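Novice: Got a file for you: my_file-v1.cif, mmCIF, C-alpha atoms.
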```
data_model
#
loop_
_atom_site.label_atom_id
_atom_site.label_comp_id
_atom_site.auth_asym_id
_atom_site.auth_seq_id
_atom_site.Cartn_x
_atom_site.Cartn_y
_atom_site.Cartn_z
CA MET O 4 -75.02 -37.11 36.46
CA ARG O 5 -72.87 -39.92 35.15
CA ILE O 6 -73.52 -42.71 32.68
CA ARG O 7 -73.64 -45.91 34.67
CA THR O 8 -73.73 -48.62 32.04
CA LEU O 9 -73.98 -49.09 28.30
CA LEU O 10 -75.40 -52.23 26.77
CA ALA O 11 -76.98 -53.51 23.58
CA SER O 12 -80.73 -54.07 23.85
CA LEU O 13 -83.28 -56.08 21.92
CA ALA O 14 -83.03 -56.68 18.18
CA THR O 15 -86.62 -55.62 17.72
CA VAL O 16 -88.82 -52.94 19.18
CA THR O 17 -92.56 -53.35 19.46
CA ALA O 18 -94.92 -50.40 19.66
CA VAL O 19 -98.43 -51.13 20.89
CA ILE O 20 -101.18 -48.83 19.78
CA GLY O 21 -104.74 -49.55 20.82
CA GLY O 22 -104.11 -53.29 20.71
CA LEU O 23 -102.15 -53.17 17.44
CA ALA O 24 -98.51 -54.26 17.76
CA LEU O 25 -95.96 -53.04 15.26
CA ALA O 26 -92.59 -54.85 15.28
CA MET O 27 -89.66 -53.01 13.74
CA PRO O 28 -85.94 -53.83 13.62
CA ALA O 29 -83.86 -51.87 16.10
CA GLY O 30 -82.42 -48.86 14.29
CA ALA O 31 -85.10 -49.03 11.60
CA THR O 32 -84.86 -46.22 9.07
CA THR O 33 -88.04 -46.74 7.09
CA ALA O 34 -89.32 -43.37 5.89
CA THR O 35 -92.94 -44.27 6.57
CA THR O 36 -94.72 -47.02 8.46
CA PRO O 37 -98.31 -47.35 7.19
CA PHE O 38 -99.95 -49.26 10.04
CA ALA O 39 -102.64 -46.71 10.99
CA ASP O 40 -105.79 -45.56 9.23
CA PRO O 41 -105.03 -42.22 7.54
CA SER O 42 -108.74 -41.37 7.43
CA LYS O 43 -109.03 -41.26 11.23
CA ALA O 44 -108.08 -38.51 13.64
CA PRO O 45 -105.09 -39.37 15.87
CA GLY O 46 -107.50 -40.52 18.58
CA GLY O 47 -108.76 -43.26 16.28
CA ASN O 48 -105.29 -44.79 15.92
CA PHE O 49 -103.73 -44.03 19.32
CA ASP O 50 -104.87 -44.37 22.93
CA LEU O 51 -105.14 -40.71 23.88
CA SER O 52 -107.13 -41.33 27.06
CA VAL O 53 -103.99 -40.60 29.10
CA TRP O 54 -102.93 -37.43 27.30
CA GLN O 55 -103.78 -33.73 27.13
CA LEU O 56 -102.61 -31.61 24.18
CA GLN O 57 -100.94 -28.20 24.38
CA GLU O 58 -100.80 -26.14 21.17
CA PRO O 59 -98.80 -23.05 20.11
CA VAL O 60 -101.92 -20.85 19.95
CA GLY O 61 -104.01 -18.97 22.50
CA SER O 62 -103.28 -15.83 24.49
CA PRO O 63 -99.77 -14.72 25.55
CA GLY O 64 -98.48 -17.00 28.31
CA LYS O 65 -101.60 -19.18 28.11
CA PRO O 66 -101.38 -21.72 25.28
CA THR O 67 -104.55 -23.54 24.30
CA THR O 68 -104.96 -27.00 25.82
CA ILE O 69 -107.21 -29.73 24.47
CA PRO O 70 -108.49 -32.25 27.06
CA SER O 71 -108.31 -35.98 26.59
CA SER O 72 -112.08 -36.21 26.13
CA ARG O 73 -111.81 -34.17 22.91
CA LEU O 74 -108.79 -36.06 21.60
CA GLN O 75 -110.25 -39.54 21.76
CA GLY O 76 -111.94 -41.42 18.92
CA SER O 77 -111.82 -41.58 15.15
CA ASN O 78 -113.50 -38.18 14.90
CA GLY O 79 -111.48 -36.62 17.70
CA PHE O 80 -109.76 -33.27 17.64
CA GLN O 81 -107.25 -32.37 14.96
CA ASP O 82 -106.12 -29.13 13.33
CA ASP O 83 -103.07 -27.62 11.62
CA TYR O 84 -100.85 -28.26 14.66
CA PHE O 85 -101.99 -31.79 15.54
CA TYR O 86 -103.33 -34.15 12.90
CA THR O 87 -103.13 -37.49 11.11
CA ASP O 88 -100.76 -37.55 8.15
CA LYS O 89 -102.97 -38.66 5.25
CA ARG O 90 -100.07 -40.51 3.62
CA ASP O 91 -99.16 -42.93 6.41
CA GLY O 92 -101.39 -42.36 9.44
CA ALA O 93 -98.69 -40.76 11.59
CA MET O 94 -99.89 -38.68 14.55
CA THR O 95 -98.22 -35.42 13.57
CA PHE O 96 -97.22 -32.42 15.68
CA TRP O 97 -96.32 -29.03 14.15
CA ALA O 98 -94.64 -26.30 16.21
CA PRO O 99 -93.61 -23.14 14.32
CA GLU O 100 -90.87 -20.84 15.55
CA LYS O 101 -93.46 -18.13 16.22
CA GLY O 102 -96.23 -19.24 18.53
CA VAL O 103 -97.79 -18.87 21.96
CA THR O 104 -95.53 -20.17 24.74
CA THR O 105 -95.86 -20.97 28.42
CA PRO O 106 -94.63 -18.32 30.90
CA ASN O 107 -91.45 -20.32 31.62
CA SER O 108 -90.40 -20.96 28.01
CA ASN O 109 -89.45 -18.97 24.93
CA TYR O 110 -90.34 -21.83 22.59
CA ALA O 111 -93.64 -22.92 21.07
CA ARG O 112 -94.82 -26.49 21.22
CA SER O 113 -97.44 -28.92 20.02
CA GLU O 114 -97.05 -31.51 22.74
CA LEU O 115 -98.92 -34.11 24.76
CA ARG O 116 -98.91 -33.98 28.55
CA GLU O 117 -99.53 -37.22 30.48
CA MET O 118 -102.84 -37.47 32.33
CA ASN O 119 -104.57 -40.10 34.45
CA ARG O 120 -107.52 -41.99 33.02
CA ASN O 121 -109.82 -40.29 35.53
CA GLY O 122 -108.98 -36.92 33.98
CA GLY O 123 -106.54 -35.71 36.60
CA ALA O 124 -102.96 -34.69 35.85
CA ALA O 125 -100.45 -37.54 36.05
CA ASP O 126 -98.08 -37.03 39.00
CA TRP O 127 -96.14 -40.20 39.83
CA SER O 128 -93.35 -40.88 42.29
CA LEU O 129 -89.88 -41.99 41.20
CA SER O 130 -90.33 -45.34 42.94
CA GLY O 131 -91.47 -48.24 40.78
CA SER O 132 -91.04 -48.59 37.02
CA HIS O 133 -92.22 -45.99 34.51
CA LYS O 134 -91.77 -46.05 30.72
CA LEU O 135 -92.57 -43.83 27.74
CA GLN O 136 -92.09 -45.69 24.44
CA ALA O 137 -92.26 -44.09 21.00
CA THR O 138 -91.65 -44.81 17.34
CA LEU O 139 -91.32 -41.59 15.34
CA ARG O 140 -89.63 -39.58 12.66
CA VAL O 141 -88.72 -35.91 12.53
CA VAL O 142 -90.20 -34.72 9.26
CA SER O 143 -88.56 -31.29 9.42
CA VAL O 144 -86.70 -29.19 11.98
CA THR O 145 -85.01 -25.79 11.80
CA LYS O 146 -82.42 -26.34 14.54
CA ASN O 147 -83.51 -28.55 17.41
CA VAL O 148 -86.68 -30.15 18.77
CA CYS O 149 -87.52 -31.95 22.01
CA VAL O 150 -89.53 -35.11 21.28
CA GLY O 151 -89.89 -36.61 24.76
CA GLN O 152 -89.63 -35.51 28.40
CA ILE O 153 -89.86 -36.55 32.01
CA HIS O 154 -91.08 -33.37 33.68
CA LEU O 155 -91.18 -32.35 37.33
CA GLY O 156 -94.63 -32.35 38.89
CA SER O 157 -95.60 -31.63 42.49
CA GLY O 158 -93.17 -31.65 45.41
CA GLY O 159 -91.50 -28.26 45.06
CA SER O 160 -91.43 -24.96 43.21
CA SER O 161 -89.29 -25.97 40.21
CA THR O 162 -90.86 -26.18 36.76
CA LYS O 163 -87.81 -27.82 35.15
CA PRO O 164 -87.80 -31.14 33.28
CA LEU O 165 -85.85 -34.03 34.75
CA VAL O 166 -85.07 -35.31 31.23
CA GLU O 167 -85.41 -33.94 27.69
CA LEU O 168 -84.70 -35.94 24.52
CA TYR O 169 -83.60 -33.68 21.65
CA TYR O 170 -83.29 -34.22 17.92
CA ARG O 171 -80.87 -31.86 16.14
CA ALA O 172 -81.17 -30.69 12.53
CA ASN O 173 -77.93 -32.58 11.73
CA GLY O 174 -79.54 -35.87 12.81
CA ASP O 175 -77.91 -36.13 16.25
CA ILE O 176 -80.07 -37.44 19.10
CA VAL O 177 -79.10 -35.86 22.42
CA LEU O 178 -80.34 -36.53 25.95
CA GLY O 179 -80.44 -33.61 28.37
CA THR O 180 -80.40 -34.55 32.07
CA GLU O 181 -81.09 -31.77 34.57
CA ASN O 182 -78.39 -31.27 37.20
CA SER O 183 -80.76 -30.03 39.90
CA PRO O 184 -84.29 -28.62 40.25
CA GLU O 185 -82.69 -25.16 40.17
CA GLY O 186 -81.36 -25.74 36.64
CA GLY O 187 -78.29 -26.65 34.62
CA GLN O 188 -78.38 -29.41 32.05
CA THR O 189 -75.84 -32.04 31.04
CA LEU O 190 -76.01 -33.22 27.41
CA HIS O 191 -75.29 -36.78 26.26
CA ASN O 192 -75.00 -37.83 22.60
CA VAL O 193 -77.09 -40.99 22.31
CA GLY O 194 -77.58 -41.63 18.57
CA HIS O 195 -77.84 -40.34 15.04
CA VAL O 196 -80.68 -40.71 12.51
CA SER O 197 -81.13 -38.74 9.29
CA VAL O 198 -84.06 -36.33 9.06
CA GLY O 199 -87.14 -38.13 7.78
CA LYS O 200 -86.04 -41.60 8.93
CA THR O 201 -87.96 -43.62 11.50
CA TRP O 202 -86.44 -44.37 14.91
CA ASN O 203 -87.57 -45.35 18.38
CA TYR O 204 -86.92 -44.50 22.00
CA THR O 205 -87.86 -45.59 25.48
CA ILE O 206 -87.46 -43.12 28.35
CA GLY O 207 -87.87 -44.73 31.74
CA VAL O 208 -87.28 -44.52 35.47
CA SER O 209 -86.42 -47.54 37.64
CA GLY O 210 -85.38 -48.17 41.21
CA GLY O 211 -86.35 -44.67 42.29
CA ASP O 212 -82.97 -43.26 41.29
CA THR O 213 -82.14 -44.24 37.71
CA ILE O 214 -83.05 -42.90 34.27
CA ASP O 215 -83.13 -45.61 31.59
CA LEU O 216 -82.89 -44.51 27.96
CA THR O 217 -83.06 -46.79 24.92
CA VAL O 218 -82.56 -45.38 21.41
CA ASN O 219 -82.75 -47.82 18.51
CA GLY O 220 -81.80 -50.78 20.69
CA THR O 221 -78.95 -49.21 22.68
CA THR O 222 -79.58 -48.56 26.37
CA THR O 223 -77.83 -46.13 28.70
CA HIS O 224 -78.46 -45.42 32.40
CA TYR O 225 -78.07 -42.17 34.35
CA ASP O 226 -78.18 -41.44 38.08
CA ILE O 227 -80.93 -39.14 39.36
CA PRO O 228 -79.53 -36.58 41.86
CA SER O 229 -81.11 -36.81 45.30
CA SER O 230 -82.37 -33.21 44.99
CA PHE O 231 -85.07 -34.55 42.66
CA PHE O 232 -86.33 -37.22 45.07
CA PRO O 233 -89.05 -35.01 46.68
CA TYR O 234 -90.61 -34.37 43.27
CA LYS O 235 -93.21 -36.39 41.43
CA GLN O 236 -93.08 -36.64 37.64
CA TYR O 237 -95.03 -36.93 34.39
CA PHE O 238 -94.25 -37.71 30.73
CA LYS O 239 -94.51 -35.39 27.71
CA ALA O 240 -94.14 -36.19 24.00
CA GLY O 241 -94.55 -34.37 20.70
CA SER O 242 -92.85 -31.41 19.04
CA TYR O 243 -91.39 -28.93 21.53
CA ASN O 244 -89.47 -26.62 19.19
CA GLN O 245 -86.16 -25.34 20.57
CA SER O 246 -85.77 -22.28 18.35
CA SER O 247 -87.79 -19.09 17.98
CA SER O 248 -88.14 -16.30 15.42
CA ASP O 249 -90.89 -14.29 13.71
CA SER O 250 -91.45 -17.11 11.22
CA THR O 251 -94.67 -19.10 11.16
CA THR O 252 -93.37 -21.37 8.39
CA ASN O 253 -90.07 -22.48 9.97
CA GLY O 254 -90.32 -24.94 12.81
CA ALA O 255 -90.39 -28.61 13.79
CA ARG O 256 -92.81 -31.23 12.45
CA VAL O 257 -92.73 -34.67 14.10
CA GLY O 258 -94.75 -37.77 13.21
CA PHE O 259 -95.36 -40.56 15.73
CA TYR O 260 -96.10 -44.15 14.69
CA GLY O 261 -96.20 -45.53 18.21
CA LEU O 262 -96.68 -43.95 21.64
CA THR O 263 -97.37 -45.82 24.88
CA VAL O 264 -96.96 -45.21 28.60
CA SER O 265 -96.65 -47.87 31.31
CA HIS O 266 -96.28 -47.81 35.08
CA GLY O 267 -95.53 -50.68 37.41
#
```
So, in terms of structure tokens, how does the structure I just supplied come out?
Specialist:
Amino acid sequence: MRIRTLLASLATVTAVIGGLALAMPAGATTATTPFADPSKAPGGNFDLSVWQLQEPVGSPGKPTTIPSSRLQGSNGFQDDYFYTDKRDGAMTFWAPEKGVTTPNSNYARSELREMNRNGGAADWSLSGSHKLQATLRVVSVTKNVCVGQIHLGSGGSSTKPLVELYYRANGDIVLGTENSPEGGQTLHNVGHVSVGKTWNYTIGVSGGDTIDLTVNGTTTHYDIPSSFFPYKQYFKAGSYNQSSSDSTTNGARVGFYGLTVSHG
């Protein structure tokens, strides 16, 4: 893949959460953004009707999943791995280095998987316009955490992601674009934010063949190889830890202040 263009984007970013719009300066570094109600479960502050949660617990190779119906509402699901931060209302994901993983990964995650409002798994074609927008901060991370993905859905046998957005412990923000459904990833440095500071991203697809990434107001574009064209896609967001050990106290904790999905 090659970077096609680089341009400055908007001076402000707006996150919409259940009808509440939060405007923040591009590149904002506010430690906390108290717009949500800390007394509510994440489903009381965020529209979780289009998400399913995967947690780092369960049986080997079969992590526990929480359906959208249990996530929604002020009294919706929350636990030690997915909860509202009582200080600022952030929807918080905790993924320790030791946890239950999927069969195709060595890393634990507390992560949302995009769903349709009718309860089925989201599985959209590359044609059209698709966007995942987030305002977040990485509270802590041992080495590296993935905070957003475009993942391959139906259309073939690959279980690879098309795109992964990583946050490194040194504050670097790195985009990983998959070279083909068989594997191989190209890394692109796309920003830098200190641990604990708020930032924002938009991961999108347009024109059927282009990945659009905006981080703190700066947008880059990447070609999608034709080998991905038969596949449909879906979004993921949360804390997908990229390191493993026997520790249940080391890991990646990520708080989201805005999270929306749009298709057109």
Novice: Could you spell out the hits of the PyMOL selection byres ((chain O and resi 68) around 9) on the shown file, as a count of residues only?
Specialist: 10
Novice: Quick one: apply the PyMOL selection byres ((chain O and resi 79-89) around 8) to the file and drop the selected residues here as a CSV table (one decimal) with C-alpha atoms, in the frame of the given file.
Specialist:
```
chain,number,residue,atom,x,y,z
O,41,PRO,CA,-105.0,-42.2,7.5
O,42,SER,CA,-108.7,-41.4,7.4
O,43,LYS,CA,-109.0,-41.3,11.2
O,44,ALA,CA,-108.1,-38.5,13.6
O,45,PRO,CA,-105.1,-39.4,15.9
O,46,GLY,CA,-107.5,-40.5,18.6
O,47,GLY,CA,-108.8,-43.3,16.3
O,58,GLU,CA,-100.8,-26.1,21.2
O,59,PRO,CA,-98.8,-23.0,20.1
O,73,ARG,CA,-111.8,-34.2,22.9
O,74,LEU,CA,-108.8,-36.1,21.6
O,75,GLN,CA,-110.2,-39.5,21.8
O,76,GLY,CA,-111.9,-41.4,18.9
O,77,SER,CA,-111.8,-41.6,15.2
O,78,ASN,CA,-113.5,-38.2,14.9
O,90,ARG,CA,-100.1,-40.5,3.6
O,91,ASP,CA,-99.2,-42.9,6.4
O,92,GLY,CA,-101.4,-42.4,9.4
O,93,ALA,CA,-98.7,-40.8,11.6
O,94,MET,CA,-99.9,-38.7,14.6
O,95,THR,CA,-98.2,-35.4,13.6
O,96,PHE,CA,-97.2,-32.4,15.7
O,97,TRP,CA,-96.3,-29.0,14.2
O,98,ALA,CA,-94.6,-26.3,16.2
O,113,SER,CA,-97.4,-28.9,20.0
O,258,GLY,CA,-94.8,-37.8,13.2
```
Novice: Please identify all polymer residues within 8 Å of region 141-143 of chain O, counting only C-alpha atoms, omitting same-chain residues fewer than 5 positions from it, and present them as a ChimeraX atom specification.
Specialist: /O:170,198-201,254-258
Novice: Kindly resolve the PyMOL selection byres ((chain O and resi 186) around 12) on the present coordinates and return the residues as an NGL selection string.
Specialist: :O and (155 or 161-166 or 179-185 or 187-189 or 230-231)
Novice: Tell me, in Å to one decimal, how far CA of Leu216 (chain O) is from CA of Val193 (chain O).
Specialist: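 CA of Leu216 (chain O) sits 8.8 Å away from CA of Val193 (chain O).
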Novice: Contacts of region 133-136 of chain O at 9 Å or less, counting all atoms listed in the file, minus same-chain residues fewer than 5 places along, as an MDAnalysis selection string?
Specialist: chainID O and resid 18 127 151:153 203:209 215 238:240 261:267
Novice: Using all atoms listed in the file, find the one residue out of O:Gln245, O:Ser108, O:Asn173, O:Gln236 that sits nearest to Pro63 (chain O).
Specialist: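 Closest candidate: O:Ser108.
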